[in-house]
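Chemist: My file is upload-v9.pdb. It has PDB, C-alpha atoms:
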MODEL        1
ATOM      1  CA  MET X   1       0.000   0.000   0.000
ATOM      2  CA  GLU X   2       1.314   3.460  -0.846
ATOM      3  CA  HIS X   3       2.694   5.869   1.801
ATOM      4  CA  LYS X   4      -0.080   8.428   1.423
ATOM      5  CA  LYS X   5      -2.789   5.851   2.047
ATOM      6  CA  ILE X   6      -0.904   4.357   4.987
ATOM      7  CA  LYS X   7      -0.396   7.820   6.521
ATOM      8  CA  GLU X   8      -4.123   8.399   6.274
ATOM      9  CA  LEU X   9      -4.793   5.036   7.897
ATOM     10  CA  ILE X  10      -2.288   5.755  10.708
ATOM     11  CA  SER X  11      -4.563   8.512  11.972
ATOM     12  CA  SER X  12      -7.527   6.118  12.097
ATOM     13  CA  TYR X  13      -5.329   3.333  13.501
ATOM     14  CA  ILE X  14      -4.463   5.486  16.516
ATOM     15  CA  ASP X  15      -8.143   6.333  16.891
ATOM     16  CA  GLY X  16      -8.948   2.597  16.981
ATOM     17  CA  GLU X  17     -11.222   2.944  13.961
ATOM     18  CA  LEU X  18      -9.718   0.361  11.586
ATOM     19  CA  ASP X  19     -10.893  -3.164  10.924
ATOM     20  CA  ALA X  20      -8.559  -6.120  11.504
ATOM     21  CA  ALA X  21      -7.280  -6.294   7.899
ATOM     22  CA  GLN X  22      -6.487  -2.574   7.784
ATOM     23  CA  ARG X  23      -4.769  -2.741  11.171
ATOM     24  CA  ARG X  24      -2.619  -5.607   9.987
ATOM     25  CA  ALA X  25      -1.704  -3.732   6.778
ATOM     26  CA  VAL X  26      -0.624  -0.671   8.787
ATOM     27  CA  GLU X  27       1.405  -2.739  11.261
ATOM     28  CA  GLU X  28       3.167  -4.646   8.510
ATOM     29  CA  HIS X  29       3.986  -1.435   6.674
ATOM     30  CA  LEU X  30       5.279   0.275   9.824
ATOM     31  CA  GLU X  31       7.735  -2.557  10.423
ATOM     32  CA  LYS X  32       9.534  -1.886   7.168
ATOM     33  CA  CYS X  33       9.028   1.865   6.557
ATOM     34  CA  ASP X  34      10.986   4.444   8.579
ATOM     35  CA  GLU X  35       9.115   7.408   7.129
ATOM     36  CA  CYS X  36       5.694   6.067   8.080
ATOM     37  CA  ARG X  37       6.970   4.966  11.500
ATOM     38  CA  ARG X  38       8.105   8.541  12.130
ATOM     39  CA  GLU X  39       4.658   9.744  11.008
ATOM     40  CA  PHE X  40       3.093   7.283  13.465
ATOM     41  CA  GLU X  41       5.247   8.531  16.362
ATOM     42  CA  GLU X  42       4.463  12.157  15.596
ATOM     43  CA  MET X  43       0.762  11.449  15.247
ATOM     44  CA  ASP X  44       0.843   9.549  18.523
ATOM     45  CA  LYS X  45       2.384  12.532  20.337
ATOM     46  CA  PHE X  46      -0.148  14.797  18.704
ATOM     47  CA  GLU X  47      -2.993  12.555  19.879
ATOM     48  CA  GLU X  48      -1.652  12.642  23.397
ATOM     49  CA  VAL X  49      -1.975  16.435  23.507
ATOM     50  CA  MET X  50      -5.311  16.519  21.730
ATOM     51  CA  SER X  51      -6.847  13.927  24.021
ATOM     52  CA  LYS X  52      -5.946  16.102  27.008
ATOM     53  CA  MET X  53      -7.510  19.182  25.557
ATOM     54  CA  GLU X  54     -10.845  20.061  27.059
ATOM     55  CA  PHE X  55     -13.111  22.987  27.726
ATOM     56  CA  LYS X  56     -13.360  24.546  31.118
ATOM     57  CA  LYS X  57     -16.588  23.384  32.690
ATOM     58  CA  PRO X  58     -19.166  26.122  33.207
ATOM     59  CA  PRO X  59     -20.682  26.484  36.703
ATOM     60  CA  LYS X  60     -23.270  23.792  37.531
ATOM     61  CA  GLU X  61     -25.874  26.493  38.143
ATOM     62  CA  MET X  62     -25.792  27.266  34.445
ATOM     63  CA  TRP X  63     -27.432  23.920  33.640
ATOM     64  CA  GLN X  64     -30.049  24.410  36.331
ATOM     65  CA  VAL X  65     -31.307  27.630  34.740
ATOM     66  CA  TYR X  66     -30.576  26.698  31.119
ATOM     67  CA  CYS X  67     -34.062  25.410  30.336
ATOM     68  CA  ASP X  68     -35.812  28.366  31.961
ATOM     69  CA  SER X  69     -33.589  30.731  29.994
ATOM     70  CA  VAL X  70     -34.619  29.094  26.717
ATOM     71  CA  TYR X  71     -38.313  29.406  27.640
ATOM     72  CA  ASN X  72     -37.833  33.014  28.771
ATOM     73  CA  ARG X  73     -36.056  33.904  25.556
ATOM     74  CA  LEU X  74     -38.789  32.177  23.569
ATOM     75  CA  GLU X  75     -41.443  34.232  25.359
ATOM     76  CA  ARG X  76     -39.443  37.432  24.950
ATOM     77  CA  LYS X  77     -39.239  36.816  21.219
ATOM     78  CA  ILE X  78     -43.004  36.356  21.046
ATOM     79  CA  GLY X  79     -43.330  39.564  23.106
ATOM     80  CA  TRP X  80     -41.115  41.440  20.669
ATOM     81  CA  ILE X  81     -43.124  40.215  17.694
ATOM     82  CA  LEU X  82     -46.401  41.363  19.294
ATOM     83  CA  LEU X  83     -44.852  44.689  20.270
ATOM     84  CA  SER X  84     -43.551  45.194  16.745
ATOM     85  CA  ILE X  85     -46.947  44.422  15.209
ATOM     86  CA  GLY X  86     -48.602  46.867  17.614
ATOM     87  CA  ALA X  87     -46.037  49.569  16.825
ATOM     88  CA  ILE X  88     -46.468  49.083  13.078
ATOM     89  CA  ILE X  89     -50.286  49.350  13.360
ATOM     90  CA  LEU X  90     -50.003  52.520  15.456
ATOM     91  CA  PHE X  91     -47.386  53.977  13.129
ATOM     92  CA  PHE X  92     -49.518  53.521  10.035
ATOM     93  CA  TYR X  93     -52.708  54.638  11.710
ATOM     94  CA  GLY X  94     -50.981  57.759  13.095
ATOM     95  CA  GLY X  95     -49.450  58.467   9.679
ATOM     96  CA  TYR X  96     -52.810  58.087   7.986
ATOM     97  CA  LYS X  97     -54.510  60.444  10.435
ATOM     98  CA  LEU X  98     -51.712  62.987  10.101
ATOM     99  CA  LEU X  99     -51.932  62.869   6.343
ATOM    100  CA  GLU X 100     -55.700  63.143   6.397
ATOM    101  CA  GLY X 101     -55.547  66.235   8.614
ATOM    102  CA  LEU X 102     -52.847  67.760   6.455
ATOM    103  CA  ILE X 103     -54.722  67.345   3.162
ATOM    104  CA  GLN X 104     -57.997  68.635   4.580
ATOM    105  CA  ASN X 105     -56.340  71.707   6.077
ATOM    106  CA  ALA X 106     -56.977  74.554   3.593
ATOM    107  CA  GLU X 107     -54.585  76.898   5.386
ATOM    108  CA  ILE X 108     -51.524  74.826   4.465
ATOM    109  CA  HIS X 109     -49.922  75.711   1.139
ATOM    110  CA  TRP X 110     -50.166  73.033  -1.590
ATOM    111  CA  ILE X 111     -46.367  73.011  -2.082
ATOM    112  CA  PHE X 112     -45.888  71.961   1.540
ATOM    113  CA  LYS X 113     -48.574  69.292   1.126
ATOM    114  CA  ALA X 114     -46.876  68.013  -2.044
ATOM    115  CA  GLY X 115     -43.520  67.884  -0.233
ATOM    116  CA  ILE X 116     -44.982  65.848   2.592
ATOM    117  CA  LEU X 117     -46.740  63.477   0.159
ATOM    118  CA  PHE X 118     -43.569  62.857  -1.845
ATOM    119  CA  GLY X 119     -41.644  62.254   1.364
ATOM    120  CA  ILE X 120     -44.199  59.702   2.560
ATOM    121  CA  ALA X 121     -44.264  58.040  -0.855
ATOM    122  CA  GLY X 122     -40.460  57.745  -0.688
ATOM    123  CA  ILE X 123     -40.581  56.118   2.750
ATOM    124  CA  ALA X 124     -43.317  53.724   1.533
ATOM    125  CA  VAL X 125     -41.243  52.657  -1.485
ATOM    126  CA  MET X 126     -38.192  52.067   0.733
ATOM    127  CA  LEU X 127     -40.259  50.056   3.226
ATOM    128  CA  VAL X 128     -41.731  47.854   0.499
ATOM    129  CA  SER X 129     -38.256  47.319  -0.929
ATOM    130  CA  LEU X 130     -36.898  46.385   2.517
ATOM    131  CA  ILE X 131     -39.741  43.946   3.197
ATOM    132  CA  ARG X 132     -39.287  42.369  -0.256
ATOM    133  CA  GLU X 133     -35.558  41.969   0.412
ATOM    134  CA  GLN X 134     -36.236  40.335   3.784
ATOM    135  CA  ILE X 135     -38.711  37.902   2.223
ATOM    136  CA  PHE X 136     -36.143  37.080  -0.469
ATOM    137  CA  VAL X 137     -33.440  36.444   2.165
ATOM    138  CA  TYR X 138     -35.827  34.298   4.227
ATOM    139  CA  ARG X 139     -36.692  32.156   1.203
ATOM    140  CA  ARG X 140     -33.022  31.547   0.492
ATOM    141  CA  GLU X 141     -32.110  30.984   4.123
ATOM    142  CA  ARG X 142     -29.739  28.036   4.528
ATOM    143  CA  TYR X 143     -31.588  26.519   7.468
ATOM    144  CA  LYS X 144     -34.550  25.888   5.207
ATOM    145  CA  GLU X 145     -32.394  23.669   3.033
ATOM    146  CA  ILE X 146     -31.167  21.432   5.819
ATOM    147  CA  GLU X 147     -34.267  20.791   7.808
ATOM    148  CA  LYS X 148     -34.728  17.238   6.591
TER     149      LYS X 148
ATOM    150  CA  MET F   1     -47.146   0.695  41.990
ATOM    151  CA  GLU F   2     -47.837   2.927  39.016
ATOM    152  CA  ASN F   3     -46.191   1.792  35.831
ATOM    153  CA  VAL F   4     -44.543   4.895  34.326
ATOM    154  CA  ARG F   5     -43.405   4.476  30.759
ATOM    155  CA  VAL F   6     -40.565   6.658  29.520
ATOM    156  CA  LEU F   7     -41.501   8.462  26.330
ATOM    157  CA  THR F   8     -39.312   8.016  23.301
ATOM    158  CA  GLU F   9     -37.759  11.033  21.631
ATOM    159  CA  HIS F  10     -40.148  10.553  18.728
ATOM    160  CA  GLU F  11     -43.149  10.690  21.081
ATOM    161  CA  ILE F  12     -41.799  13.747  22.892
ATOM    162  CA  ILE F  13     -41.302  15.677  19.649
ATOM    163  CA  LEU F  14     -44.752  14.660  18.489
ATOM    164  CA  ALA F  15     -46.181  15.979  21.778
ATOM    165  CA  VAL F  16     -44.353  19.294  21.291
ATOM    166  CA  ILE F  17     -45.645  19.609  17.739
ATOM    167  CA  LYS F  18     -49.174  19.002  19.048
ATOM    168  CA  GLY F  19     -48.771  21.961  21.396
ATOM    169  CA  ASN F  20     -47.279  20.507  24.563
ATOM    170  CA  LYS F  21     -44.678  23.218  25.086
ATOM    171  CA  GLU F  22     -43.500  21.740  28.377
ATOM    172  CA  ALA F  23     -42.467  18.485  26.709
ATOM    173  CA  TYR F  24     -39.744  20.385  24.872
ATOM    174  CA  GLN F  25     -37.967  20.689  28.207
ATOM    175  CA  GLN F  26     -36.960  17.035  27.916
ATOM    176  CA  ILE F  27     -35.363  17.675  24.555
ATOM    177  CA  ILE F  28     -33.473  20.671  25.944
ATOM    178  CA  THR F  29     -32.270  18.733  28.976
ATOM    179  CA  THR F  30     -31.065  15.851  26.821
ATOM    180  CA  TYR F  31     -29.070  17.959  24.391
ATOM    181  CA  MET F  32     -28.146  21.179  26.198
ATOM    182  CA  GLN F  33     -24.630  20.118  27.194
ATOM    183  CA  LYS F  34     -23.878  18.632  23.814
ATOM    184  CA  ALA F  35     -25.154  21.785  22.081
ATOM    185  CA  TYR F  36     -23.223  24.089  24.389
ATOM    186  CA  TYR F  37     -19.886  22.297  23.977
ATOM    187  CA  ILE F  38     -20.228  22.001  20.208
ATOM    188  CA  ALA F  39     -21.018  25.721  20.015
ATOM    189  CA  LEU F  40     -18.026  26.416  22.255
ATOM    190  CA  GLY F  41     -15.866  24.439  19.854
ATOM    191  CA  PHE F  42     -17.013  26.639  17.009
ATOM    192  CA  VAL F  43     -17.051  30.068  18.638
ATOM    193  CA  HIS F  44     -14.467  29.683  21.450
ATOM    194  CA  ASN F  45     -16.286  31.781  23.988
ATOM    195  CA  HIS F  46     -18.495  30.747  26.905
ATOM    196  CA  GLN F  47     -21.119  33.490  26.661
ATOM    197  CA  ASP F  48     -21.461  33.237  22.893
ATOM    198  CA  ALA F  49     -21.701  29.442  23.079
ATOM    199  CA  LEU F  50     -24.428  29.704  25.705
ATOM    200  CA  ASP F  51     -26.371  32.258  23.644
ATOM    201  CA  LEU F  52     -26.027  30.323  20.406
ATOM    202  CA  SER F  53     -26.954  26.961  21.879
ATOM    203  CA  GLN F  54     -30.072  28.482  23.470
ATOM    204  CA  GLU F  55     -30.882  30.322  20.261
ATOM    205  CA  CYS F  56     -30.653  26.999  18.456
ATOM    206  CA  PHE F  57     -33.233  25.404  20.773
ATOM    207  CA  ILE F  58     -35.553  28.344  20.058
ATOM    208  CA  LYS F  59     -35.009  28.085  16.320
ATOM    209  CA  ALA F  60     -35.491  24.306  16.365
ATOM    210  CA  TYR F  61     -38.707  24.718  18.400
ATOM    211  CA  ARG F  62     -40.112  27.103  15.803
ATOM    212  CA  LYS F  63     -39.166  24.816  12.915
ATOM    213  CA  LEU F  64     -40.233  21.597  14.582
ATOM    214  CA  LYS F  65     -43.364  21.269  12.447
ATOM    215  CA  LYS F  66     -41.143  20.977   9.376
ATOM    216  CA  TYR F  67     -38.899  18.368  10.999
ATOM    217  CA  ASP F  68     -39.037  14.886   9.461
ATOM    218  CA  LEU F  69     -40.089  12.608  12.328
ATOM    219  CA  ASN F  70     -38.625   9.576  10.595
ATOM    220  CA  ARG F  71     -35.114  10.901  11.029
ATOM    221  CA  PRO F  72     -33.092  11.233  14.236
ATOM    222  CA  PHE F  73     -33.428  14.612  15.941
ATOM    223  CA  PHE F  74     -29.857  15.478  16.792
ATOM    224  CA  PRO F  75     -28.312  15.558  13.269
ATOM    225  CA  TRP F  76     -31.122  17.925  12.232
ATOM    226  CA  PHE F  77     -30.567  20.064  15.311
ATOM    227  CA  TYR F  78     -26.807  19.997  14.766
ATOM    228  CA  GLN F  79     -27.127  21.466  11.251
ATOM    229  CA  ILE F  80     -29.061  24.438  12.626
ATOM    230  CA  LEU F  81     -26.506  24.891  15.400
ATOM    231  CA  LYS F  82     -23.577  24.652  13.013
ATOM    232  CA  ASN F  83     -25.023  27.297  10.708
ATOM    233  CA  LEU F  84     -25.761  29.616  13.618
ATOM    234  CA  CYS F  85     -22.184  29.189  14.821
ATOM    235  CA  ILE F  86     -20.665  29.741  11.379
ATOM    236  CA  ASP F  87     -22.641  32.942  10.863
ATOM    237  CA  HIS F  88     -21.642  34.137  14.300
ATOM    238  CA  TYR F  89     -18.016  33.185  13.811
ATOM    239  CA  LYS F  90     -17.789  35.044  10.504
ATOM    240  CA  LYS F  91     -18.970  38.216  12.228
ATOM    241  CA  LYS F  92     -16.453  37.770  15.028
ATOM    242  CA  ARG F  93     -13.613  37.045  12.633
ATOM    243  CA  ARG F  94     -14.279  40.302  10.925
ATOM    244  CA  LEU F  95     -13.521  41.894  14.277
ATOM    245  CA  ASN F  96     -10.367  39.768  14.653
ATOM    246  CA  GLU F  97     -11.647  38.149  17.819
ATOM    247  CA  VAL F  98     -10.307  34.693  18.526
ATOM    248  CA  PRO F  99     -10.831  34.249  22.276
ATOM    249  CA  LEU F 100      -9.395  31.184  23.977
ATOM    250  CA  GLU F 101     -10.077  31.626  27.645
ATOM    251  CA  ASP F 102     -12.407  28.627  27.801
ATOM    252  CA  ILE F 103     -10.011  25.898  26.761
ATOM    253  CA  LYS F 104      -7.315  24.057  28.662
ATOM    254  CA  ILE F 105      -4.914  21.180  28.105
ATOM    255  CA  ILE F 106      -4.796  18.866  31.109
ATOM    256  CA  GLY F 107      -1.350  18.459  32.619
ATOM    257  CA  ARG F 108       0.190  21.228  30.569
ATOM    258  CA  LYS F 109       1.960  24.101  32.270
ATOM    259  CA  GLN F 110       1.320  27.791  32.009
ATOM    260  CA  GLU F 111       4.268  28.190  29.627
ATOM    261  CA  ASP F 112       2.419  25.994  27.150
ATOM    262  CA  ARG F 113       0.005  28.837  26.626
ATOM    263  CA  GLU F 114       1.730  29.673  23.360
ATOM    264  CA  MET F 115       1.152  26.118  22.135
ATOM    265  CA  LYS F 116      -2.482  26.289  23.167
ATOM    266  CA  GLU F 117      -2.921  29.584  21.348
ATOM    267  CA  SER F 118      -1.312  28.220  18.195
ATOM    268  CA  LEU F 119      -3.431  25.097  18.306
ATOM    269  CA  TRP F 120      -6.632  27.008  18.923
ATOM    270  CA  LYS F 121      -5.925  29.422  16.114
ATOM    271  CA  GLY F 122      -5.043  26.456  13.916
ATOM    272  CA  ILE F 123      -8.438  24.878  14.641
ATOM    273  CA  ALA F 124     -10.139  28.210  13.959
ATOM    274  CA  GLU F 125      -8.472  28.455  10.548
ATOM    275  CA  LEU F 126      -9.403  24.962   9.392
ATOM    276  CA  PRO F 127     -12.037  24.698   6.648
ATOM    277  CA  ILE F 128     -15.424  24.162   8.207
ATOM    278  CA  GLU F 129     -15.737  20.465   7.261
ATOM    279  CA  GLN F 130     -12.393  19.772   8.978
ATOM    280  CA  ARG F 131     -13.108  21.993  11.978
ATOM    281  CA  GLU F 132     -16.392  20.241  12.701
ATOM    282  CA  VAL F 133     -14.866  16.760  12.692
ATOM    283  CA  ILE F 134     -12.117  17.956  15.068
ATOM    284  CA  ILE F 135     -14.725  19.441  17.417
ATOM    285  CA  LEU F 136     -16.921  16.354  17.367
ATOM    286  CA  ARG F 137     -13.984  13.982  17.734
ATOM    287  CA  TYR F 138     -11.975  15.712  20.442
ATOM    288  CA  PHE F 139     -14.520  17.780  22.333
ATOM    289  CA  ARG F 140     -17.460  15.360  22.172
ATOM    290  CA  GLN F 141     -15.429  12.132  21.842
ATOM    291  CA  LEU F 142     -17.637  10.809  19.057
ATOM    292  CA  SER F 143     -16.625   7.784  17.006
ATOM    293  CA  TYR F 144     -16.227   8.095  13.223
ATOM    294  CA  LYS F 145     -19.603   6.423  12.768
ATOM    295  CA  GLU F 146     -21.283   8.851  15.155
ATOM    296  CA  ILE F 147     -19.627  11.840  13.449
ATOM    297  CA  ALA F 148     -20.865  10.505  10.106
ATOM    298  CA  GLU F 149     -24.416  10.271  11.476
ATOM    299  CA  VAL F 150     -24.377  13.772  12.940
ATOM    300  CA  THR F 151     -22.835  15.477   9.925
ATOM    301  CA  GLY F 152     -24.640  13.362   7.353
ATOM    302  CA  LYS F 153     -21.383  12.443   5.608
ATOM    303  CA  PRO F 154     -19.995   8.986   4.757
ATOM    304  CA  VAL F 155     -17.518   7.461   7.243
ATOM    305  CA  GLY F 156     -14.809   7.556   4.558
ATOM    306  CA  THR F 157     -15.234  11.326   4.183
ATOM    307  CA  VAL F 158     -15.088  11.765   7.943
ATOM    308  CA  MET F 159     -11.907   9.705   8.085
ATOM    309  CA  SER F 160     -10.324  11.716   5.318
ATOM    310  CA  SER F 161     -11.361  15.137   6.717
ATOM    311  CA  LEU F 162     -10.055  14.139  10.104
ATOM    312  CA  TYR F 163      -6.738  13.039   8.642
ATOM    313  CA  TYR F 164      -6.159  16.314   6.791
ATOM    314  CA  ALA F 165      -7.242  18.358   9.816
ATOM    315  CA  LYS F 166      -4.904  16.405  12.098
ATOM    316  CA  LYS F 167      -2.057  16.757   9.636
ATOM    317  CA  LYS F 168      -2.386  20.556   9.642
ATOM    318  CA  LEU F 169      -2.668  20.726  13.412
ATOM    319  CA  LYS F 170       0.210  18.308  13.882
ATOM    320  CA  ASP F 171       2.388  20.573  11.762
ATOM    321  CA  ILE F 172       1.415  23.515  13.942
ATOM    322  CA  LEU F 173       2.207  21.576  17.138
ATOM    323  CA  GLY F 174       5.405  20.077  15.742
ATOM    324  CA  LYS F 175       7.750  22.731  17.074
ATOM    325  CA  TYR F 176       6.278  22.415  20.588
ATOM    326  CA  LEU F 177       6.406  18.623  20.602
ATOM    327  CA  GLY F 178       9.922  18.248  19.302
ATOM    328  CA  PHE F 179       9.396  17.449  15.656
ATOM    329  CA  GLU F 180       9.257  19.583  12.561
ATOM    330  CA  GLY F 181       6.053  18.204  11.126
ATOM    331  CA  GLY F 182       5.282  18.203   7.423
TER     332      GLY F 182
ENDMDL
END
Using C-alpha cells, write down the structure from this file.
Modeler:
Amino acid sequence: MEHKKIKELISSYIDGELDAAQRRAVEEHLEKCDECRREFEEMDKFEEVMSKMEFKKPPKEMWQVYCDSVYNRLERKIGWILLSIGAIILFFYGGYKLLEGLIQNAEIHWIFKAGILFGIAGIAVMLVSLIREQIFVYRRERYKEIEK
Amino acid sequence: MENVRVLTEHEIILAVIKGNKEAYQQIITTYMQKAYYIALGFVHNHQDALDLSQECFIKAYRKLKKYDLNRPFFPWFYQILKNLCIDHYKKKRRLNEVPLEDIKIIGRKQEDREMKESLWKGIAELPIEQREVIILRYFRQLSYKEIAEVTGKPVGTVMSSLYYAKKKLKDILGKYLGFEGG
C-alpha cells in the first residue's frame, strides 16, 4: 500500500477505527518503513496532547437555569413580535390620520402638502423594498435547506 | 405501583408539535450540554456558546413542524446549530476576535500557553468540514460512525477530513512537541 494511504490510515489506527485487515496492513507497513513509523510517532504525540484538551466546565448552576432561559427567551421573542406588530399598526394609523388632517387643512400651502406626500411616498417605497428583500433572504435561508 | 413508561424522543417531539410546550424541556435537557460544547468548539467563547446553543433550541422549536419525524433529531438540530455558529463566527472574525479563555490542556503548564494559542488558532483556521470533525472527535469524543451520522457524511469522508485536519494541526504543534512536522 502506498505511503499516502498508509499515513491516512495511521490517523484512524491510533483512533482505533480500523478493521482487523487494515490494522494488519498498517502494522506490517510500519515494520519496514521508517518514514511512516516517524509519522506514526508524531501522530501519537499529537494525539496525546489533543486527548488532554478540554473545555473549562461552566458552573453547575448554568445547567439548572438553562431550560428556563430558553423558555424566557422564547417568550421574549413572542413579546417582541407582538410589540412590533402593535407599533407598526399605530405607526400607520398615526401616519394616515396625520396625512388626512394635512390634506384637509386649507390653510396649508399646496407646495408643503406636495412635499410631505412625496416624502411619505419615498418612505413607503423604501419600506416595500426592505420587506421584499427580507422575504427574499428568508426564502433563500440556509436553514430551510437542511431541515430534513 | 404505578407503571410509568418513559416516552421516546419521537413521542416527545410529536407531543411538542401538538402543542405541549413543556415536553420540549426534555429535549433541551437531553441535548443542552452537547449543544453548548459544540457551540463552544465553534465560537471559542463561553457566553457566545451559551447564547447560540439556546438560540438553536428556540429556532429548532419554531421549525419543529417541518422536521421529518422519521429521522433522528440530533443531526437535524446539529445542522441548525452549526449554521448559527458559522454565521456568528464570521462576524467575530471580521472583528479579529479569537478568544481562547475557555479551553485548557490537562497536565500542561502555564508556559504551554503559546502552544495552546497556536493550536486554537489552527483549529479556527481549518475549513469548516475539517473543523467540525475535530470538534466532534476531540470535544465530544464521538466515534467516526457517530460523526458521520451527525454530519450526514460517509464514514470515509469523515476519516479523510479528520486526517487532513490532524495533519495541519500536527504541523502547527510540531515545534512544541519536538518534531518539525510536514
Chemist: Which residues of region 70-176 of chain F come within 10 Å of region 48-54 of chain F, and for each one, what is the closest pair of atoms and their distance in Å to one decimal, counting only C-alpha atoms, sorted by chain and residue number, as a tab-separated table?
Modeler:
residue	atom	partner	partner_atom	distance
F:Tyr78	CA	F:Ser53	CA	10.0
F:Ile80	CA	F:Ser53	CA	9.8
F:Leu81	CA	F:Ser53	CA	6.8
F:Lys82	CA	F:Leu52	CA	9.6
F:Leu84	CA	F:Leu52	CA	6.8
F:Cys85	CA	F:Leu52	CA	6.9
F:His88	CA	F:Leu52	CA	8.4
F:Tyr89	CA	F:Asp48	CA	9.7
Chemist: Take the ChimeraX specification (/F :<8) & /X, run it mentally on this structure, and tell me the resulting residues as a ChimeraX atom specification.
Modeler: /X:8,11-12,17,42-43,45-46,49-56,58,63,66-67,69-70,73-74,142-143,146-148
Chemist: Can you write out the residues you just picked, keeping C-alpha atoms, as a PDB file, in the frame of the given file?
Modeler:
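Result written to part.pdb:
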ATOM      1  CA  GLU X   8      -4.123   8.399   6.274  1.00  0.00           C
ATOM      2  CA  SER X  11      -4.563   8.512  11.972  1.00  0.00           C
ATOM      3  CA  SER X  12      -7.527   6.118  12.097  1.00  0.00           C
ATOM      4  CA  GLU X  17     -11.222   2.944  13.961  1.00  0.00           C
ATOM      5  CA  GLU X  42       4.463  12.157  15.596  1.00  0.00           C
ATOM      6  CA  MET X  43       0.762  11.449  15.247  1.00  0.00           C
ATOM      7  CA  LYS X  45       2.384  12.532  20.337  1.00  0.00           C
ATOM      8  CA  PHE X  46      -0.148  14.797  18.704  1.00  0.00           C
ATOM      9  CA  VAL X  49      -1.975  16.435  23.507  1.00  0.00           C
ATOM     10  CA  MET X  50      -5.311  16.519  21.730  1.00  0.00           C
ATOM     11  CA  SER X  51      -6.847  13.927  24.021  1.00  0.00           C
ATOM     12  CA  LYS X  52      -5.946  16.102  27.008  1.00  0.00           C
ATOM     13  CA  MET X  53      -7.510  19.182  25.557  1.00  0.00           C
ATOM     14  CA  GLU X  54     -10.845  20.061  27.059  1.00  0.00           C
ATOM     15  CA  PHE X  55     -13.111  22.987  27.726  1.00  0.00           C
ATOM     16  CA  LYS X  56     -13.360  24.546  31.118  1.00  0.00           C
ATOM     17  CA  PRO X  58     -19.166  26.122  33.207  1.00  0.00           C
ATOM     18  CA  TRP X  63     -27.432  23.920  33.640  1.00  0.00           C
ATOM     19  CA  TYR X  66     -30.576  26.698  31.119  1.00  0.00           C
ATOM     20  CA  CYS X  67     -34.062  25.410  30.336  1.00  0.00           C
ATOM     21  CA  SER X  69     -33.589  30.731  29.994  1.00  0.00           C
ATOM     22  CA  VAL X  70     -34.619  29.094  26.717  1.00  0.00           C
ATOM     23  CA  ARG X  73     -36.056  33.904  25.556  1.00  0.00           C
ATOM     24  CA  LEU X  74     -38.789  32.177  23.569  1.00  0.00           C
ATOM     25  CA  ARG X 142     -29.739  28.036   4.528  1.00  0.00           C
ATOM     26  CA  TYR X 143     -31.588  26.519   7.468  1.00  0.00           C
ATOM     27  CA  ILE X 146     -31.167  21.432   5.819  1.00  0.00           C
ATOM     28  CA  GLU X 147     -34.267  20.791   7.808  1.00  0.00           C
ATOM     29  CA  LYS X 148     -34.728  17.238   6.591  1.00  0.00           C
TER      30      LYS X 148
END
Chemist: In Å, with one decimal, what is the gap from CA of Gln22 (chain X) to CA of Gln130 (chain F)?
Modeler: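 Distance reported for this atom pair: 23.1 Å.
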Chemist: Once you add 5 Å to each side, what are the centre and edge lengths of the axis-aligned box holding all listed atoms of region 53-66 of chain F? One decimal in Å, as AutoDock Vina command-line options, if you can.
Modeler:
--center_x -35.2 --center_y 25.6 --center_z 16.4 --size_x 26.4 --size_y 19.3 --size_z 24.1
Chemist: Report the distance between CA of Ile123 (chain F) and CA of Ala165 (chain F) in Å, rounded to one decimal place.
Modeler: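 Going from CA of Ile123 (chain F) over to CA of Ala165 (chain F), I get 8.2 Å.
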Chemist: Mind pulling up the distance from CA of Lys34 (chain F) to CA of Ala15 (chain F)?
Modeler: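 A separation of 22.6 Å between them.
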Chemist: Point out the residue among F:Lys153, F:Lys168, F:Arg113, F:Lys18 with the least atom-to-atom distance to Glu129 (chain F), counting all atoms listed in the file.
Modeler: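 Using all atoms listed in the file, Glu129 (chain F) sits closest to F:Lys153.
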Chemist: Given the PyMOL selection byres ((chain X and resi 36) around 12) and the file above, list the residues it selects as a list in words.
Modeler: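 When the PyMOL selection byres ((chain X and resi 36) around 12) is applied, the selected residues are Met1, Glu2, His3, Lys4, Lys5, Ile6, Lys7, Glu8, Leu9, Ile10, Ser11, Val26, Glu27, Glu28, His29, Leu30, Glu31, Lys32, Cys33, Asp34, Glu35, Arg37, Arg38, Glu39, Phe40, Glu41, Glu42 and Met43 of chain X.
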